[in-house]
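*Asks:* Structure file run_28.txt (compact mmCIF, C-alpha atoms) right here:
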# COMPACT_ATOMS: atom_id res chain seq x y z
CA MET L 1 10.44 -24.32 -0.93
CA SER L 2 13.87 -23.06 -1.85
CA PRO L 3 14.42 -20.63 -4.76
CA ALA L 4 16.20 -23.37 -6.69
CA SER L 5 13.06 -25.52 -6.68
CA GLU L 6 10.56 -22.68 -7.01
CA ASN L 7 9.70 -23.42 -10.63
CA LYS L 8 9.38 -27.19 -10.31
CA VAL L 9 6.15 -29.09 -9.81
CA SER L 10 7.94 -32.36 -8.95
CA GLY L 11 7.58 -31.76 -5.21
CA THR L 12 7.46 -34.59 -2.65
CA LEU L 13 6.04 -38.01 -3.46
CA GLU L 14 4.19 -39.95 -0.75
CA VAL L 15 2.95 -43.44 -1.62
CA VAL L 16 0.09 -45.11 0.26
CA ARG L 17 -1.45 -48.54 -0.10
CA ASP L 18 -4.68 -47.87 -2.00
CA ALA L 19 -7.46 -45.40 -2.74
CA GLY L 20 -9.00 -45.82 0.71
CA ALA L 21 -5.72 -45.09 2.43
CA LEU L 22 -5.19 -42.13 0.14
CA ALA L 23 -8.56 -40.65 1.12
CA ALA L 24 -7.74 -41.08 4.82
CA ARG L 25 -4.30 -39.52 4.42
CA ALA L 26 -5.64 -36.57 2.41
CA ALA L 27 -8.27 -35.87 5.07
CA GLU L 28 -5.58 -36.12 7.76
CA ILE L 29 -3.33 -33.59 6.00
CA ILE L 30 -6.14 -31.10 5.44
CA ALA L 31 -7.35 -31.48 9.03
CA GLY L 32 -3.82 -30.97 10.35
CA ARG L 33 -3.41 -27.72 8.46
CA LEU L 34 -6.84 -26.49 9.44
CA ALA L 35 -6.28 -27.28 13.12
CA VAL L 36 -3.40 -24.79 13.31
CA ALA L 37 -4.67 -22.37 10.69
CA ARG L 38 -4.55 -18.64 11.03
CA TYR L 39 -7.46 -16.49 9.95
CA PRO L 40 -8.51 -16.67 7.17
CA PHE L 41 -7.65 -20.14 5.89
CA ARG L 42 -8.45 -20.33 2.18
CA LEU L 43 -8.99 -23.93 1.06
CA VAL L 44 -9.43 -24.94 -2.59
CA LEU L 45 -11.38 -28.14 -3.25
CA SER L 46 -11.26 -30.20 -6.41
CA GLY L 47 -14.24 -31.93 -7.95
CA GLY L 48 -15.03 -35.20 -9.66
CA SER L 49 -15.56 -38.53 -7.96
CA THR L 50 -12.04 -39.17 -6.60
CA PRO L 51 -12.14 -36.85 -3.55
CA ARG L 52 -15.60 -37.87 -2.31
CA ALA L 53 -14.27 -40.31 0.29
CA ALA L 54 -11.71 -37.82 1.58
CA TYR L 55 -14.39 -35.15 1.97
CA GLN L 56 -16.69 -37.53 3.83
CA LEU L 57 -13.89 -38.44 6.24
CA LEU L 58 -12.94 -34.80 6.70
CA GLY L 59 -16.54 -33.91 7.46
CA CYS L 60 -16.54 -36.38 10.36
CA LYS L 61 -13.51 -34.84 12.10
CA ASP L 62 -13.91 -32.58 15.11
CA LEU L 63 -12.51 -29.33 13.73
CA ASN L 64 -13.17 -25.64 14.07
CA TRP L 65 -14.18 -24.40 10.63
CA ASP L 66 -14.80 -20.78 11.64
CA CYS L 67 -11.68 -19.46 9.92
CA CYS L 68 -12.08 -21.48 6.71
CA GLU L 69 -13.11 -20.06 3.35
CA ILE L 70 -13.79 -22.72 0.72
CA PHE L 71 -13.13 -22.23 -2.98
CA PHE L 72 -13.27 -24.56 -6.00
CA SER L 73 -10.49 -25.38 -8.44
CA ASP L 74 -12.98 -25.63 -11.28
CA GLU L 75 -16.61 -26.25 -12.07
CA ARG L 76 -18.65 -27.71 -14.87
CA PHE L 77 -21.02 -25.12 -16.28
CA VAL L 78 -24.15 -26.79 -14.94
CA PRO L 79 -26.73 -25.76 -12.31
CA PRO L 80 -25.66 -26.29 -8.66
CA ASP L 81 -28.13 -29.16 -8.22
CA HIS L 82 -26.93 -31.00 -11.34
CA PRO L 83 -25.42 -34.47 -10.75
CA ASP L 84 -22.15 -33.31 -12.38
CA SER L 85 -21.80 -30.19 -10.24
CA ASN L 86 -18.65 -30.10 -8.13
CA TYR L 87 -20.44 -27.85 -5.66
CA ARG L 88 -23.24 -30.40 -5.26
CA MET L 89 -20.69 -33.17 -4.60
CA VAL L 90 -18.98 -31.09 -1.90
CA ARG L 91 -22.34 -30.11 -0.40
CA GLU L 92 -23.37 -33.77 -0.14
CA THR L 93 -20.07 -34.91 1.38
CA LEU L 94 -17.92 -32.42 3.28
CA LEU L 95 -20.57 -29.80 3.94
CA ALA L 96 -22.96 -32.49 5.21
CA GLY L 97 -20.67 -33.00 8.19
CA TYR L 98 -22.40 -32.28 11.47
CA ASN L 99 -20.07 -29.45 12.51
CA VAL L 100 -18.73 -28.26 9.16
CA LYS L 101 -19.69 -24.59 9.10
CA PRO L 102 -17.08 -22.67 7.08
CA ARG L 103 -16.88 -18.91 7.29
CA LYS L 104 -17.91 -18.81 3.64
CA VAL L 105 -18.23 -21.11 0.62
CA PHE L 106 -17.35 -19.52 -2.71
CA ALA L 107 -19.10 -21.70 -5.26
CA VAL L 108 -18.38 -20.95 -8.90
CA PRO L 109 -21.42 -19.12 -10.30
CA THR L 110 -23.21 -20.78 -13.22
CA ASP L 111 -26.29 -18.59 -13.44
CA GLY L 112 -25.25 -16.35 -16.32
CA SER L 113 -23.12 -16.54 -19.43
CA LEU L 114 -19.91 -18.56 -19.23
CA GLN L 115 -17.79 -15.42 -19.52
CA SER L 116 -19.76 -13.37 -17.00
CA CYS L 117 -19.64 -16.18 -14.43
CA ALA L 118 -15.89 -16.55 -14.88
CA ASP L 119 -15.56 -12.76 -14.46
CA ARG L 120 -17.55 -12.89 -11.23
CA TYR L 121 -15.40 -15.66 -9.76
CA ASP L 122 -12.24 -13.85 -10.77
CA GLU L 123 -13.47 -10.73 -9.00
CA ALA L 124 -14.47 -12.70 -5.88
CA LEU L 125 -10.94 -14.10 -5.64
CA ARG L 126 -9.40 -10.64 -5.88
CA GLN L 127 -11.76 -9.25 -3.27
CA GLN L 128 -10.90 -12.02 -0.80
CA TYR L 129 -7.21 -11.58 -1.49
CA GLY L 130 -7.51 -7.83 -0.95
CA ALA L 131 -5.57 -6.83 -4.04
CA GLY L 132 -5.74 -7.06 -7.80
CA THR L 133 -2.27 -8.52 -8.24
CA LEU L 134 -0.57 -11.41 -6.52
CA GLU L 135 2.39 -10.62 -4.27
CA ASN L 136 5.36 -12.87 -3.54
CA GLY L 137 5.15 -14.20 -0.01
CA VAL L 138 1.41 -13.51 0.26
CA PRO L 139 -0.40 -16.65 -0.97
CA LEU L 140 -3.86 -16.47 -2.42
CA PHE L 141 -4.65 -19.93 -1.01
CA HIS L 142 -3.32 -21.86 1.96
CA LEU L 143 -4.11 -25.36 0.71
CA THR L 144 -5.09 -26.33 -2.81
CA LEU L 145 -6.38 -29.84 -3.47
CA LEU L 146 -5.93 -31.04 -7.05
CA GLY L 147 -6.41 -34.20 -9.05
CA LEU L 148 -4.71 -35.43 -12.20
CA GLY L 149 -6.38 -36.70 -15.35
CA GLU L 150 -5.03 -39.43 -17.60
CA ASP L 151 -4.39 -36.73 -20.20
CA GLY L 152 -2.35 -34.70 -17.69
CA HIS L 153 -4.99 -32.07 -16.94
CA THR L 154 -5.56 -30.64 -13.48
CA ALA L 155 -8.51 -28.48 -12.42
CA SER L 156 -9.92 -27.68 -15.90
CA LEU L 157 -6.57 -26.74 -17.38
CA LEU L 158 -7.21 -28.97 -20.37
CA PRO L 159 -4.69 -30.00 -23.04
CA ASP L 160 -4.33 -27.70 -26.04
CA GLN L 161 -6.81 -25.12 -24.72
CA PRO L 162 -6.15 -21.35 -24.72
CA VAL L 163 -6.54 -21.22 -20.94
CA LEU L 164 -3.05 -22.75 -20.63
CA LYS L 165 -1.63 -19.44 -21.88
CA GLU L 166 -3.68 -17.27 -19.49
CA ARG L 167 -1.47 -15.31 -17.11
CA ASN L 168 -3.62 -12.32 -16.14
CA ARG L 169 -6.91 -13.80 -15.00
CA TRP L 170 -7.28 -15.88 -11.84
CA ALA L 171 -10.44 -17.64 -13.07
CA ALA L 172 -11.20 -18.22 -16.73
CA PRO L 173 -13.80 -19.86 -18.98
CA VAL L 174 -12.98 -23.09 -20.79
CA PRO L 175 -15.62 -23.34 -23.53
CA GLU L 176 -14.11 -26.34 -25.33
CA GLY L 177 -12.12 -29.48 -24.63
CA ARG L 178 -14.90 -31.40 -22.86
CA ALA L 179 -18.55 -32.20 -23.49
CA GLU L 180 -19.61 -29.32 -21.24
CA PRO L 181 -18.03 -25.85 -20.82
CA ARG L 182 -16.14 -25.23 -17.61
CA ILE L 183 -14.69 -22.49 -15.44
CA THR L 184 -11.27 -23.03 -13.91
CA LEU L 185 -8.67 -21.41 -11.75
CA THR L 186 -5.66 -20.47 -13.86
CA TYR L 187 -1.97 -21.18 -13.42
CA PRO L 188 -1.26 -17.91 -11.53
CA ALA L 189 -4.05 -18.56 -9.01
CA LEU L 190 -3.18 -22.21 -8.42
CA GLU L 191 0.52 -21.45 -8.11
CA SER L 192 -0.14 -18.95 -5.31
CA SER L 193 -0.72 -21.57 -2.61
CA GLU L 194 1.20 -22.51 0.52
CA LEU L 195 0.57 -26.18 -0.24
CA ILE L 196 -0.64 -27.91 -3.39
CA LEU L 197 -1.83 -31.41 -2.59
CA PHE L 198 -2.22 -33.68 -5.63
CA ARG L 199 -4.13 -36.95 -5.22
CA VAL L 200 -3.51 -39.63 -7.85
CA THR L 201 -4.98 -43.14 -7.85
CA GLY L 202 -4.88 -46.09 -10.22
CA ALA L 203 -2.53 -47.62 -12.75
CA SER L 204 -4.17 -45.64 -15.55
CA LYS L 205 -2.65 -42.45 -14.09
CA ARG L 206 0.91 -43.83 -13.92
CA ASP L 207 2.16 -42.26 -17.15
CA ALA L 208 0.40 -38.95 -16.48
CA LEU L 209 1.99 -38.81 -13.03
CA ALA L 210 5.49 -39.33 -14.37
CA GLN L 211 5.00 -36.79 -17.15
CA ALA L 212 3.44 -34.15 -14.90
CA ARG L 213 6.23 -34.43 -12.33
CA GLY L 214 8.67 -34.10 -15.21
CA GLY L 215 7.10 -30.82 -16.35
CA ALA L 216 4.74 -31.95 -19.11
CA LEU L 217 1.60 -29.88 -19.69
CA PRO L 218 -0.96 -29.24 -18.40
CA ALA L 219 -0.29 -30.19 -14.75
CA GLY L 220 3.47 -29.96 -15.21
CA GLY L 221 3.10 -26.36 -16.33
CA LEU L 222 2.47 -25.25 -12.75
CA LYS L 223 5.28 -23.22 -11.22
CA PRO L 224 4.28 -23.34 -7.54
CA LYS L 225 5.40 -20.73 -5.04
CA GLY L 226 4.94 -23.08 -2.09
CA GLU L 227 5.09 -26.78 -1.20
CA VAL L 228 3.88 -29.54 -3.52
CA LEU L 229 2.91 -32.99 -2.21
CA TRP L 230 1.95 -35.80 -4.55
CA LEU L 231 -0.17 -38.26 -2.59
CA VAL L 232 -0.44 -41.41 -4.73
CA ASP L 233 -1.45 -45.02 -4.30
CA ARG L 234 0.76 -48.00 -5.14
CA GLU L 235 -0.88 -48.60 -8.52
CA ALA L 236 -0.29 -45.03 -9.68
CA ALA L 237 3.26 -45.12 -8.35
CA GLY L 238 3.94 -48.43 -10.09
CA GLU L 239 5.20 -50.02 -6.90
CA GLU L 240 4.57 -53.45 -5.44
CA ASP L 241 3.10 -53.92 -1.96
CA GLN L 242 5.87 -53.02 0.47
CA GLY L 243 3.84 -52.93 3.66
CA TYR L 244 2.91 -49.25 3.64
CA GLY L 245 1.38 -48.06 6.87
CA PHE L 246 -1.54 -46.31 5.18
Here is the file; what I need is its structure written in the form of structure tokens.

*Replies:*
Amino acid sequence: MSPASENKVSGTLEVVRDAGALAARAAEIIAGRLAVARYPFRLVLSGGSTPRAAYQLLGCKDLNWDCCEIFFSDERFVPPDHPDSNYRMVRETLLAGYNVKPRKVFAVPTDGSLQSCADRYDEALRQQYGAGTLENGVPLFHLTLLGLGEDGHTASLLPDQPVLKERNRWAAPVPEGRAEPRITLTYPALESSELILFRVTGASKRDALAQARGGALPAGGLKPKGEVLWLVDREAAGEEDQGYGF
């Protein structure tokens, strides 16, 4: 990404036919990056229900996962076996693949206080990065997978929450804004990625997509250091069927 576009989250827009095609394309992009990855390859996974199909497809691909370290963009503050746990969803989809054996999986801890668990994840990120401050040209992550909420949130960077002003921590607690507390990666951590891959499906996300790409908070507050690709289906893009290949 050129210096002139360094502070824009607009990125590149790629439109596919529907949610199924989007899942296939997302899995293809991740697999392509992993296939040529250098060691280590730090991959950030998002949670919720939207990426399940992509993770299942990715888990079926014949890839070498030895160099991959898996992280999470955010996590609900629930036990790892809870139905709402992002870790559980990834364990039951991607990690259930017959040959998916990453070098390490860094699940967000939820076995202490909200603050102490956020502190532990923040420290784990710094240890894997090998430094306490982020350096230009040295990304924390190589591929970061994100979603987009109807309210414009991404990860658990929720509207009107103090975490949107956090610039020192890499992982932070989000005690309010949703029914359950959460822990999320912050703007500085998410921005330090070679590629941010947003996945957006459905007509209900159309306005949020336009606003985020235009710079509206929370998702539009990202100032990425690397590439940004918005992978969206026709409904989210507001486009009629034009015979897309995917």

*Asks:* Calculated over only C-alpha atoms, which of the candidates L:Met89, L:Leu185, L:Leu45, L:Val36 has the smallest distance to Trp65 of chain L?

*Replies:*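 Of all the options, L:Val36 lies closest to Trp65 of chain L.
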
*Asks:* Measuring atom to atom with only C-alpha atoms, identify which of L:Cys60, L:Ala96, L:Ile29, L:Ile183 is nearest to Leu114 of chain L.

*Replies:* L:Ile183

*Asks:* Show me, as a list in words, the residues that have an atom within 8 Å of segment 210-223 of chain L when counting all atoms listed in the file, minus same-chain residues fewer than 6 positions from it.

*Replies:*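 Skipping anything fewer than 6 positions along the chain leaves Glu6, Asn7, Lys8, Val9, Ser10, Gly11, Leu148, Gly152, His153, Thr154, Leu157, Leu158, Pro159, Leu164, Tyr187, Leu190 and Glu191 of chain L.
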
*Asks:* I need the residue nearest Asp119 of chain L from this list: L:Val228, L:Phe198, L:Trp170, L:Gly47. Use only C-alpha atoms for the distance.

*Replies:*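 Closest to Asp119 of chain L of all the choices is L:Trp170.
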
*Asks:* Given the choices L:Thr184, L:Trp230, L:Asp160, L:Glu75, which gets closest to Leu209 of chain L if the distance is worked out from all atoms listed in the file?

*Replies:* L:Trp230

*Asks:* Find the axis-aligned box for segment 94-103 of chain L, covering all its listed atoms and adding 3 Å on each side, and write its centre and edge lengths in Å to one decimal as lines of an AutoDock Vina configuration file.

*Replies:*
center_x = -19.9
center_y = -26.0
center_z = 7.9
size_x = 12.1
size_y = 20.1
size_z = 15.2
